[in-house]
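**Student:** One structure is given below, represented as C-alpha cells, and several questions about it will come after.
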Number of protein chains: 2
Amino acid sequence: MAQIDHLGIAVKSLSAAKSIYEKLGLTVSPEETVEQERVRLVMVPVGESRLELLEATSEDSAIAKFIAKRGEGIHHVCLRVPDLSAAVERMKKDGVRLVSDEIKIGAGGHKYVFVHPSSTGGVLMELVESHEHA
Amino acid sequence: MAQIDHLGIAVKSLSAAKSIYEKLGLTVSPEETVEQERVRLVMVPVGESRLELLEATSEDSAIAKFIAKRGEGIHHVCLRVPDLSAAVERMKKDGVRLVSDEIKIGAGGHKYVFVHPSSTGGVLMELVESHEHA
C-alpha cells in the first residue's frame, strides 16, 4: 500500500517557516543542508508522513527557481510504495512520463524516482520505497 | 498528534486525472459532487491520508480560479488534529492568520477551518478534527 512519505514545501525563510509550523503545534527537526540539491531543510513529522520545509542555499537551486516562478508553496509530493522497480515498470508500460527513466540513489542510499507533473495533474511526484522508512 | 488528512489537487479533467492515479497503482473512489463548493471529486486513499482530486463544476468555483491563475496542482493540504478548538485558540494567540475566524461545519457535520497561506509559507492549509476519521 502506498503512503505519503512527505510533502516538499518551498519556503523563502526556513526560520520564519519553522516558527509557523511550531505555532500550529507541530514538532520541527534540526536543520540539515543537502549540498547536492543546494537546499537547507527541516522535517515536520505529521503521523506517518512529514512536511519537508526547503530553503534554497543558492540561486540555481530548483527551490529558488520554483519560488521565483510560482512563489512559496508545495514543491513536490513524495509517495512511499512497497516495490519501486515494479511501480516504475508499470508506469512506463502505461505511458506515464518520468523526469528520469532510471531509479536514482540518494545520499542516504534510498532509491527514488520523480514522475513528471504532466503525468500527475500538475503535481511533481517523487516515489520512494517503503521499507527504508518502516 | 496531527496527521495529513488529505491533499486537495486541482485538476482540469477528473477522468484524465483518475486514470493517471490508477496507473500509479492507486485505488480511486466513485465520483461525488459537492454543489456548495461547485466541485466534482474523487478520493484516492494513500495510507492514513487521501489525495482529493478536484474538478470545478462552474467557472466561479475556487478550483477554476486556482487553475486559471496557477495551473493544475495542489490546492490545499488538510491536517487532522485531535482538538480543533484548542488549535484555533492557540493559533489566534500566536498571531496566525485564519481565512475565517470561526470554525465552520461542513456538509457531513465535520468541523473545519482554513489557515491563510500567508501564515504557512504559501500553503493553503485546512484543519479538521481527527475523531471523525478514526
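Lettering and numbering for the C-alpha cells are positional, with chains as A, B, ... in the shown order, residues counted from 1 in each chain, and ligands counted from 1 in the shown order.
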What lies within 7 Å of range 17-29 of chain B using only C-alpha atoms, ignoring chain neighbours under 4 positions off, as a VMD selection string?

**Tutor:** (chain A and resid 87 91 94 119 to 121) or (chain B and resid 11 13 42 to 45)

**Student:** Output the selection as a PDB file, in the first residue's frame - C-alpha atoms for each residue.

**Tutor:**
ATOM      1  CA  ALA A  87       5.918   0.674  -9.900  1.00  0.00           C
ATOM      2  CA  MET A  91       4.206   3.270 -15.136  1.00  0.00           C
ATOM      3  CA  ASP A  94       1.222   2.673 -19.068  1.00  0.00           C
ATOM      4  CA  SER A 119       1.502  12.826 -15.900  1.00  0.00           C
ATOM      5  CA  THR A 120       0.007  13.605 -12.482  1.00  0.00           C
ATOM      6  CA  GLY A 121      -2.317  16.588 -12.931  1.00  0.00           C
TER       7      GLY A 121
ATOM      8  CA  VAL B  11      -7.340  19.170 -11.963  1.00  0.00           C
ATOM      9  CA  SER B  13     -10.248  16.801 -16.096  1.00  0.00           C
ATOM     10  CA  VAL B  42     -12.776  11.562  -6.149  1.00  0.00           C
ATOM     11  CA  MET B  43     -10.696  10.376  -3.211  1.00  0.00           C
ATOM     12  CA  VAL B  44      -7.526   8.309  -3.601  1.00  0.00           C
ATOM     13  CA  PRO B  45      -6.569   6.630  -0.302  1.00  0.00           C
TER      14      PRO B  45
END

**Student:** Compile the residues of chain B that lie within 6 Å of chain A, evaluated using only C-alpha atoms, and express the compilation as a PDB file with all heavy atoms, in the first residue's frame.

**Tutor:**
ATOM      1  N   ALA B   2      -0.945  15.287  15.045  1.00  0.00           N
ATOM      2  CA  ALA B   2      -1.501  15.659  13.736  1.00  0.00           C
ATOM      3  C   ALA B   2      -1.173  14.589  12.693  1.00  0.00           C
ATOM      4  O   ALA B   2      -0.202  13.855  12.813  1.00  0.00           O
ATOM      5  CB  ALA B   2      -0.928  17.004  13.301  1.00  0.00           C
ATOM      6  N   GLN B   3      -2.031  14.501  11.699  1.00  0.00           N
ATOM      7  CA  GLN B   3      -1.794  13.635  10.541  1.00  0.00           C
ATOM      8  C   GLN B   3      -2.223  14.416   9.302  1.00  0.00           C
ATOM      9  O   GLN B   3      -2.987  15.359   9.404  1.00  0.00           O
ATOM     10  CB  GLN B   3      -2.660  12.373  10.626  1.00  0.00           C
ATOM     11  CG  GLN B   3      -2.319  11.458  11.788  1.00  0.00           C
ATOM     12  CD  GLN B   3      -3.300  10.305  11.904  1.00  0.00           C
ATOM     13  OE1 GLN B   3      -4.511  10.520  11.860  1.00  0.00           O
ATOM     14  NE2 GLN B   3      -2.792   9.110  12.026  1.00  0.00           N
ATOM     15  N   VAL B  11      -7.601  19.745 -10.634  1.00  0.00           N
ATOM     16  CA  VAL B  11      -7.340  19.170 -11.963  1.00  0.00           C
ATOM     17  C   VAL B  11      -8.360  19.706 -12.964  1.00  0.00           C
ATOM     18  O   VAL B  11      -9.480  20.064 -12.606  1.00  0.00           O
ATOM     19  CB  VAL B  11      -7.373  17.617 -11.943  1.00  0.00           C
ATOM     20  CG1 VAL B  11      -6.342  17.061 -10.975  1.00  0.00           C
ATOM     21  CG2 VAL B  11      -8.761  17.092 -11.595  1.00  0.00           C
ATOM     22  N   ALA B  17      -7.343  12.655 -14.743  1.00  0.00           N
ATOM     23  CA  ALA B  17      -6.555  12.548 -13.513  1.00  0.00           C
ATOM     24  C   ALA B  17      -6.768  11.191 -12.843  1.00  0.00           C
ATOM     25  O   ALA B  17      -5.833  10.567 -12.353  1.00  0.00           O
ATOM     26  CB  ALA B  17      -6.918  13.679 -12.551  1.00  0.00           C
ATOM     27  N   VAL B  46      -4.240   6.935   0.359  1.00  0.00           N
ATOM     28  CA  VAL B  46      -2.813   6.590   0.448  1.00  0.00           C
ATOM     29  C   VAL B  46      -2.457   6.522   1.931  1.00  0.00           C
ATOM     30  O   VAL B  46      -2.262   7.535   2.571  1.00  0.00           O
ATOM     31  CB  VAL B  46      -1.897   7.604  -0.267  1.00  0.00           C
ATOM     32  CG1 VAL B  46      -1.831   7.328  -1.749  1.00  0.00           C
ATOM     33  CG2 VAL B  46      -2.331   9.040  -0.040  1.00  0.00           C
ATOM     34  N   GLY B  47      -2.400   5.285   2.455  1.00  0.00           N
ATOM     35  CA  GLY B  47      -2.126   5.098   3.879  1.00  0.00           C
ATOM     36  C   GLY B  47      -3.185   5.771   4.714  1.00  0.00           C
ATOM     37  O   GLY B  47      -4.381   5.635   4.445  1.00  0.00           O
ATOM     38  N   GLU B  72      -2.889  23.500 -12.993  1.00  0.00           N
ATOM     39  CA  GLU B  72      -3.252  22.357 -12.166  1.00  0.00           C
ATOM     40  C   GLU B  72      -2.214  22.163 -11.064  1.00  0.00           C
ATOM     41  O   GLU B  72      -1.070  22.550 -11.203  1.00  0.00           O
ATOM     42  CB  GLU B  72      -3.294  21.086 -13.022  1.00  0.00           C
ATOM     43  CG  GLU B  72      -4.386  21.081 -14.081  1.00  0.00           C
ATOM     44  CD  GLU B  72      -4.435  19.755 -14.809  1.00  0.00           C
ATOM     45  OE1 GLU B  72      -3.401  19.368 -15.392  1.00  0.00           O
ATOM     46  OE2 GLU B  72      -5.485  19.111 -14.792  1.00  0.00           O
ATOM     47  N   GLY B  73      -2.612  21.508  -9.980  1.00  0.00           N
ATOM     48  CA  GLY B  73      -1.657  21.197  -8.914  1.00  0.00           C
ATOM     49  C   GLY B  73      -2.318  21.207  -7.553  1.00  0.00           C
ATOM     50  O   GLY B  73      -3.550  21.262  -7.449  1.00  0.00           O
ATOM     51  N   GLY B 121       3.732  29.694   4.868  1.00  0.00           N
ATOM     52  CA  GLY B 121       4.726  29.540   3.816  1.00  0.00           C
ATOM     53  C   GLY B 121       4.098  29.214   2.479  1.00  0.00           C
ATOM     54  O   GLY B 121       4.581  28.350   1.751  1.00  0.00           O
ATOM     55  N   GLY B 122       2.971  29.869   2.151  1.00  0.00           N
ATOM     56  CA  GLY B 122       2.392  29.732   0.821  1.00  0.00           C
ATOM     57  C   GLY B 122       1.452  28.558   0.628  1.00  0.00           C
ATOM     58  O   GLY B 122       0.993  28.307  -0.476  1.00  0.00           O
ATOM     59  N   VAL B 123       1.166  27.848   1.720  1.00  0.00           N
ATOM     60  CA  VAL B 123       0.304  26.665   1.614  1.00  0.00           C
ATOM     61  C   VAL B 123      -1.073  26.983   2.196  1.00  0.00           C
ATOM     62  O   VAL B 123      -1.167  27.400   3.348  1.00  0.00           O
ATOM     63  CB  VAL B 123       0.917  25.479   2.398  1.00  0.00           C
ATOM     64  CG1 VAL B 123       0.019  24.261   2.329  1.00  0.00           C
ATOM     65  CG2 VAL B 123       2.310  25.157   1.880  1.00  0.00           C
TER      66      VAL B 123
END

**Student:** State, in Å with one decimal place, the distance from CA of Gly8 in chain B to CA of Glu52 in chain B.

**Tutor:**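 Between CA of Gly8 in chain B and CA of Glu52 in chain B the gap is 4.7 Å.
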
**Student:** Fit chain B to chain A: least squares, all C-alpha atoms, paired in order; write the output as a PDB file with C-alpha atoms, in the first residue's frame.

**Tutor:**
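Wrote it out as selection.pdb, contents follow:
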ATOM      1  CA  MET B   1       0.023  -0.007  -0.009  1.00  0.00           C
ATOM      2  CA  ALA B   2       1.214   3.495  -0.833  1.00  0.00           C
ATOM      3  CA  GLN B   3       1.574   6.181   1.822  1.00  0.00           C
ATOM      4  CA  ILE B   4       2.511   9.864   1.710  1.00  0.00           C
ATOM      5  CA  ASP B   5       6.178   9.911   2.713  1.00  0.00           C
ATOM      6  CA  HIS B   6       6.491  13.688   2.740  1.00  0.00           C
ATOM      7  CA  LEU B   7       5.377  16.966   1.173  1.00  0.00           C
ATOM      8  CA  GLY B   8       8.225  19.184   0.000  1.00  0.00           C
ATOM      9  CA  ILE B   9       7.336  22.829   0.731  1.00  0.00           C
ATOM     10  CA  ALA B  10       9.456  25.592  -0.843  1.00  0.00           C
ATOM     11  CA  VAL B  11       9.918  28.500   1.585  1.00  0.00           C
ATOM     12  CA  LYS B  12      11.861  31.751   1.391  1.00  0.00           C
ATOM     13  CA  SER B  13      12.913  31.720   5.023  1.00  0.00           C
ATOM     14  CA  LEU B  14      13.386  28.462   6.886  1.00  0.00           C
ATOM     15  CA  SER B  15      13.449  30.207  10.265  1.00  0.00           C
ATOM     16  CA  ALA B  16      10.147  32.008   9.569  1.00  0.00           C
ATOM     17  CA  ALA B  17       8.503  28.826   8.275  1.00  0.00           C
ATOM     18  CA  LYS B  18       9.742  26.798  11.250  1.00  0.00           C
ATOM     19  CA  SER B  19       8.139  29.190  13.695  1.00  0.00           C
ATOM     20  CA  ILE B  20       4.857  28.974  11.758  1.00  0.00           C
ATOM     21  CA  TYR B  21       4.675  25.205  11.989  1.00  0.00           C
ATOM     22  CA  GLU B  22       5.640  25.309  15.661  1.00  0.00           C
ATOM     23  CA  LYS B  23       2.688  27.666  16.180  1.00  0.00           C
ATOM     24  CA  LEU B  24       0.473  25.036  14.578  1.00  0.00           C
ATOM     25  CA  GLY B  25       1.603  22.763  17.440  1.00  0.00           C
ATOM     26  CA  LEU B  26       3.939  20.601  15.346  1.00  0.00           C
ATOM     27  CA  THR B  27       7.483  19.460  16.165  1.00  0.00           C
ATOM     28  CA  VAL B  28      10.303  20.600  13.892  1.00  0.00           C
ATOM     29  CA  SER B  29      13.556  18.635  13.368  1.00  0.00           C
ATOM     30  CA  PRO B  30      17.026  20.236  13.520  1.00  0.00           C
ATOM     31  CA  GLU B  31      18.140  21.918  10.263  1.00  0.00           C
ATOM     32  CA  GLU B  32      20.230  19.984   7.760  1.00  0.00           C
ATOM     33  CA  THR B  33      21.870  21.063   4.518  1.00  0.00           C
ATOM     34  CA  VAL B  34      21.865  18.895   1.370  1.00  0.00           C
ATOM     35  CA  GLU B  35      24.729  20.348  -0.689  1.00  0.00           C
ATOM     36  CA  GLN B  36      23.921  18.224  -3.748  1.00  0.00           C
ATOM     37  CA  GLU B  37      20.433  19.744  -4.004  1.00  0.00           C
ATOM     38  CA  ARG B  38      21.514  23.187  -2.738  1.00  0.00           C
ATOM     39  CA  VAL B  39      18.879  23.243  -0.031  1.00  0.00           C
ATOM     40  CA  ARG B  40      18.659  23.636   3.716  1.00  0.00           C
ATOM     41  CA  LEU B  41      15.716  21.766   5.254  1.00  0.00           C
ATOM     42  CA  VAL B  42      13.810  20.718   8.333  1.00  0.00           C
ATOM     43  CA  MET B  43      11.326  17.877   8.683  1.00  0.00           C
ATOM     44  CA  VAL B  44       7.985  18.239  10.467  1.00  0.00           C
ATOM     45  CA  PRO B  45       6.516  14.817  11.333  1.00  0.00           C
ATOM     46  CA  VAL B  46       2.727  14.529  10.851  1.00  0.00           C
ATOM     47  CA  GLY B  47       1.533  10.982  11.534  1.00  0.00           C
ATOM     48  CA  GLU B  48       3.085   8.534   9.074  1.00  0.00           C
ATOM     49  CA  SER B  49       4.123  11.477   6.859  1.00  0.00           C
ATOM     50  CA  ARG B  50       6.364  14.526   7.134  1.00  0.00           C
ATOM     51  CA  LEU B  51       6.359  18.088   5.869  1.00  0.00           C
ATOM     52  CA  GLU B  52       9.775  18.914   4.391  1.00  0.00           C
ATOM     53  CA  LEU B  53      10.432  22.677   4.555  1.00  0.00           C
ATOM     54  CA  LEU B  54      12.994  23.594   1.891  1.00  0.00           C
ATOM     55  CA  GLU B  55      15.042  26.806   1.645  1.00  0.00           C
ATOM     56  CA  ALA B  56      17.429  27.341  -1.293  1.00  0.00           C
ATOM     57  CA  THR B  57      21.112  27.837  -0.438  1.00  0.00           C
ATOM     58  CA  SER B  58      21.898  29.101  -3.947  1.00  0.00           C
ATOM     59  CA  GLU B  59      20.057  30.909  -6.723  1.00  0.00           C
ATOM     60  CA  ASP B  60      20.450  27.978  -9.109  1.00  0.00           C
ATOM     61  CA  SER B  61      18.686  25.618  -6.711  1.00  0.00           C
ATOM     62  CA  ALA B  62      15.437  24.100  -8.031  1.00  0.00           C
ATOM     63  CA  ILE B  63      13.743  25.567  -4.950  1.00  0.00           C
ATOM     64  CA  ALA B  64      14.913  29.122  -5.741  1.00  0.00           C
ATOM     65  CA  LYS B  65      13.669  28.735  -9.325  1.00  0.00           C
ATOM     66  CA  PHE B  66      10.329  27.372  -8.146  1.00  0.00           C
ATOM     67  CA  ILE B  67       9.790  30.313  -5.753  1.00  0.00           C
ATOM     68  CA  ALA B  68      10.792  32.830  -8.441  1.00  0.00           C
ATOM     69  CA  LYS B  69       8.191  31.340 -10.788  1.00  0.00           C
ATOM     70  CA  ARG B  70       5.306  30.348  -8.509  1.00  0.00           C
ATOM     71  CA  GLY B  71       6.025  31.780  -5.065  1.00  0.00           C
ATOM     72  CA  GLU B  72       6.281  29.803  -1.876  1.00  0.00           C
ATOM     73  CA  GLY B  73       4.248  26.603  -1.568  1.00  0.00           C
ATOM     74  CA  ILE B  74       4.212  22.893  -2.203  1.00  0.00           C
ATOM     75  CA  HIS B  75       7.058  21.840  -4.464  1.00  0.00           C
ATOM     76  CA  HIS B  76       6.541  18.085  -4.580  1.00  0.00           C
ATOM     77  CA  VAL B  77       4.650  15.167  -3.058  1.00  0.00           C
ATOM     78  CA  CYS B  78       6.552  12.019  -2.165  1.00  0.00           C
ATOM     79  CA  LEU B  79       4.708   8.702  -2.056  1.00  0.00           C
ATOM     80  CA  ARG B  80       6.177   5.632  -0.392  1.00  0.00           C
ATOM     81  CA  VAL B  81       5.479   2.432  -2.347  1.00  0.00           C
ATOM     82  CA  PRO B  82       6.352  -1.172  -1.415  1.00  0.00           C
ATOM     83  CA  ASP B  83       8.178  -2.046  -4.675  1.00  0.00           C
ATOM     84  CA  LEU B  84       9.664   0.881  -6.607  1.00  0.00           C
ATOM     85  CA  SER B  85      11.008  -1.176  -9.536  1.00  0.00           C
ATOM     86  CA  ALA B  86       7.593  -2.758 -10.103  1.00  0.00           C
ATOM     87  CA  ALA B  87       5.914   0.673  -9.904  1.00  0.00           C
ATOM     88  CA  VAL B  88       8.370   2.153 -12.435  1.00  0.00           C
ATOM     89  CA  GLU B  89       7.890  -0.785 -14.815  1.00  0.00           C
ATOM     90  CA  ARG B  90       4.114  -0.517 -14.609  1.00  0.00           C
ATOM     91  CA  MET B  91       4.188   3.270 -15.143  1.00  0.00           C
ATOM     92  CA  LYS B  92       6.477   3.012 -18.190  1.00  0.00           C
ATOM     93  CA  LYS B  93       4.205   0.359 -19.670  1.00  0.00           C
ATOM     94  CA  ASP B  94       1.224   2.656 -19.078  1.00  0.00           C
ATOM     95  CA  GLY B  95       2.909   5.660 -20.721  1.00  0.00           C
ATOM     96  CA  VAL B  96       3.474   7.670 -17.538  1.00  0.00           C
ATOM     97  CA  ARG B  97       6.218  10.262 -18.096  1.00  0.00           C
ATOM     98  CA  LEU B  98       9.111  10.138 -15.609  1.00  0.00           C
ATOM     99  CA  VAL B  99      11.556  13.012 -15.058  1.00  0.00           C
ATOM    100  CA  SER B 100      14.356  10.480 -15.452  1.00  0.00           C
ATOM    101  CA  ASP B 101      13.862   6.924 -16.717  1.00  0.00           C
ATOM    102  CA  GLU B 102      16.232   5.390 -14.197  1.00  0.00           C
ATOM    103  CA  ILE B 103      15.759   4.878 -10.482  1.00  0.00           C
ATOM    104  CA  LYS B 104      18.232   7.147  -8.678  1.00  0.00           C
ATOM    105  CA  ILE B 105      20.103   6.517  -5.450  1.00  0.00           C
ATOM    106  CA  GLY B 106      20.029   9.314  -2.874  1.00  0.00           C
ATOM    107  CA  ALA B 107      22.735  10.364  -0.448  1.00  0.00           C
ATOM    108  CA  GLY B 108      21.499   7.985   2.273  1.00  0.00           C
ATOM    109  CA  GLY B 109      21.279   5.071  -0.193  1.00  0.00           C
ATOM    110  CA  HIS B 110      17.514   5.340  -0.673  1.00  0.00           C
ATOM    111  CA  LYS B 111      16.034   4.739  -4.126  1.00  0.00           C
ATOM    112  CA  TYR B 112      13.821   7.375  -5.738  1.00  0.00           C
ATOM    113  CA  VAL B 113      12.258   8.477  -8.992  1.00  0.00           C
ATOM    114  CA  PHE B 114      10.325  11.619  -9.997  1.00  0.00           C
ATOM    115  CA  VAL B 115       7.125  11.427 -12.062  1.00  0.00           C
ATOM    116  CA  HIS B 116       6.669  14.382 -14.411  1.00  0.00           C
ATOM    117  CA  PRO B 117       3.874  16.856 -13.492  1.00  0.00           C
ATOM    118  CA  SER B 118       2.361  16.381 -16.957  1.00  0.00           C
ATOM    119  CA  SER B 119       1.504  12.809 -15.908  1.00  0.00           C
ATOM    120  CA  THR B 120       0.010  13.603 -12.485  1.00  0.00           C
ATOM    121  CA  GLY B 121      -2.308  16.581 -12.926  1.00  0.00           C
ATOM    122  CA  GLY B 122       0.315  19.255 -12.271  1.00  0.00           C
ATOM    123  CA  VAL B 123       1.934  17.640  -9.243  1.00  0.00           C
ATOM    124  CA  LEU B 124       5.665  16.898  -9.183  1.00  0.00           C
ATOM    125  CA  MET B 125       5.593  13.452  -7.588  1.00  0.00           C
ATOM    126  CA  GLU B 126       8.516  11.606  -6.069  1.00  0.00           C
ATOM    127  CA  LEU B 127       8.272   7.887  -5.368  1.00  0.00           C
ATOM    128  CA  VAL B 128      10.439   6.108  -2.780  1.00  0.00           C
ATOM    129  CA  GLU B 129      10.451   2.542  -1.514  1.00  0.00           C
ATOM    130  CA  SER B 130       8.712   1.940   1.777  1.00  0.00           C
ATOM    131  CA  HIS B 131      10.942  -0.472   3.696  1.00  0.00           C
ATOM    132  CA  GLU B 132      13.565   2.150   4.507  1.00  0.00           C
ATOM    133  CA  HIS B 133      11.006   4.073   6.520  1.00  0.00           C
ATOM    134  CA  ALA B 134       9.274   1.081   8.112  1.00  0.00           C
TER     135      ALA B 134
END

**Student:** For the alpha helix (DSSP H) assignment from backbone DSSP, which residues of range 8-68 of chain A qualify? Please present them as a PyMOL selection string.

**Tutor:** chain A and resi 14-23+62-68

**Student:** Please return as a PyMOL selection string: the residues of chain B that backbone DSSP assigns to strand (DSSP E).

**Tutor:** chain B and resi 3-10+32-34+39-46+49-56+73-81+104-105+111-115+125-129

**Student:** Could you write out that same residue set with C-alpha atoms as a compact mmCIF listing (two decimals), in the first residue's frame?

**Tutor:**
# COMPACT_ATOMS: atom_id res chain seq x y z
CA GLN B 3 -1.79 13.63 10.54
CA ILE B 4 -2.27 14.57 6.89
CA ASP B 5 -5.98 14.04 6.27
CA HIS B 6 -5.84 14.78 2.56
CA LEU B 7 -4.20 16.80 -0.20
CA GLY B 8 -6.63 18.71 -2.40
CA ILE B 9 -5.39 18.60 -6.01
CA ALA B 10 -6.99 20.92 -8.59
CA GLU B 32 -19.15 12.75 -5.94
CA THR B 33 -20.33 16.31 -6.49
CA VAL B 34 -20.27 18.95 -3.73
CA VAL B 39 -16.66 20.80 -7.39
CA ARG B 40 -16.77 17.20 -8.52
CA LEU B 41 -14.23 14.99 -6.73
CA VAL B 42 -12.78 11.56 -6.15
CA MET B 43 -10.70 10.38 -3.21
CA VAL B 44 -7.53 8.31 -3.60
CA PRO B 45 -6.57 6.63 -0.30
CA VAL B 46 -2.81 6.59 0.45
CA SER B 49 -4.17 10.06 4.10
CA ARG B 50 -6.04 10.64 0.86
CA LEU B 51 -5.49 12.56 -2.35
CA GLU B 52 -8.62 14.57 -3.19
CA LEU B 53 -8.84 15.22 -6.95
CA LEU B 54 -11.00 18.29 -7.55
CA GLU B 55 -12.61 19.40 -10.83
CA ALA B 56 -14.62 22.65 -10.98
CA GLY B 73 -1.66 21.20 -8.91
CA ILE B 74 -2.00 21.09 -5.17
CA HIS B 75 -4.72 23.43 -3.96
CA HIS B 76 -4.65 22.76 -0.23
CA VAL B 77 -3.28 20.49 2.49
CA CYS B 78 -5.62 19.24 5.19
CA LEU B 79 -4.21 18.27 8.57
CA ARG B 80 -6.19 16.24 11.08
CA VAL B 81 -5.69 17.44 14.66
CA LYS B 104 -17.11 26.04 10.12
CA ILE B 105 -19.35 23.00 9.89
CA LYS B 111 -15.67 20.88 11.75
CA TYR B 112 -13.01 22.69 9.73
CA VAL B 113 -11.02 25.89 9.48
CA PHE B 114 -8.63 27.24 6.81
CA VAL B 115 -5.30 28.83 7.74
CA MET B 125 -3.98 24.68 5.00
CA GLU B 126 -7.23 23.20 6.20
CA LEU B 127 -7.50 21.77 9.70
CA VAL B 128 -10.11 19.16 10.69
CA GLU B 129 -10.68 17.24 13.90
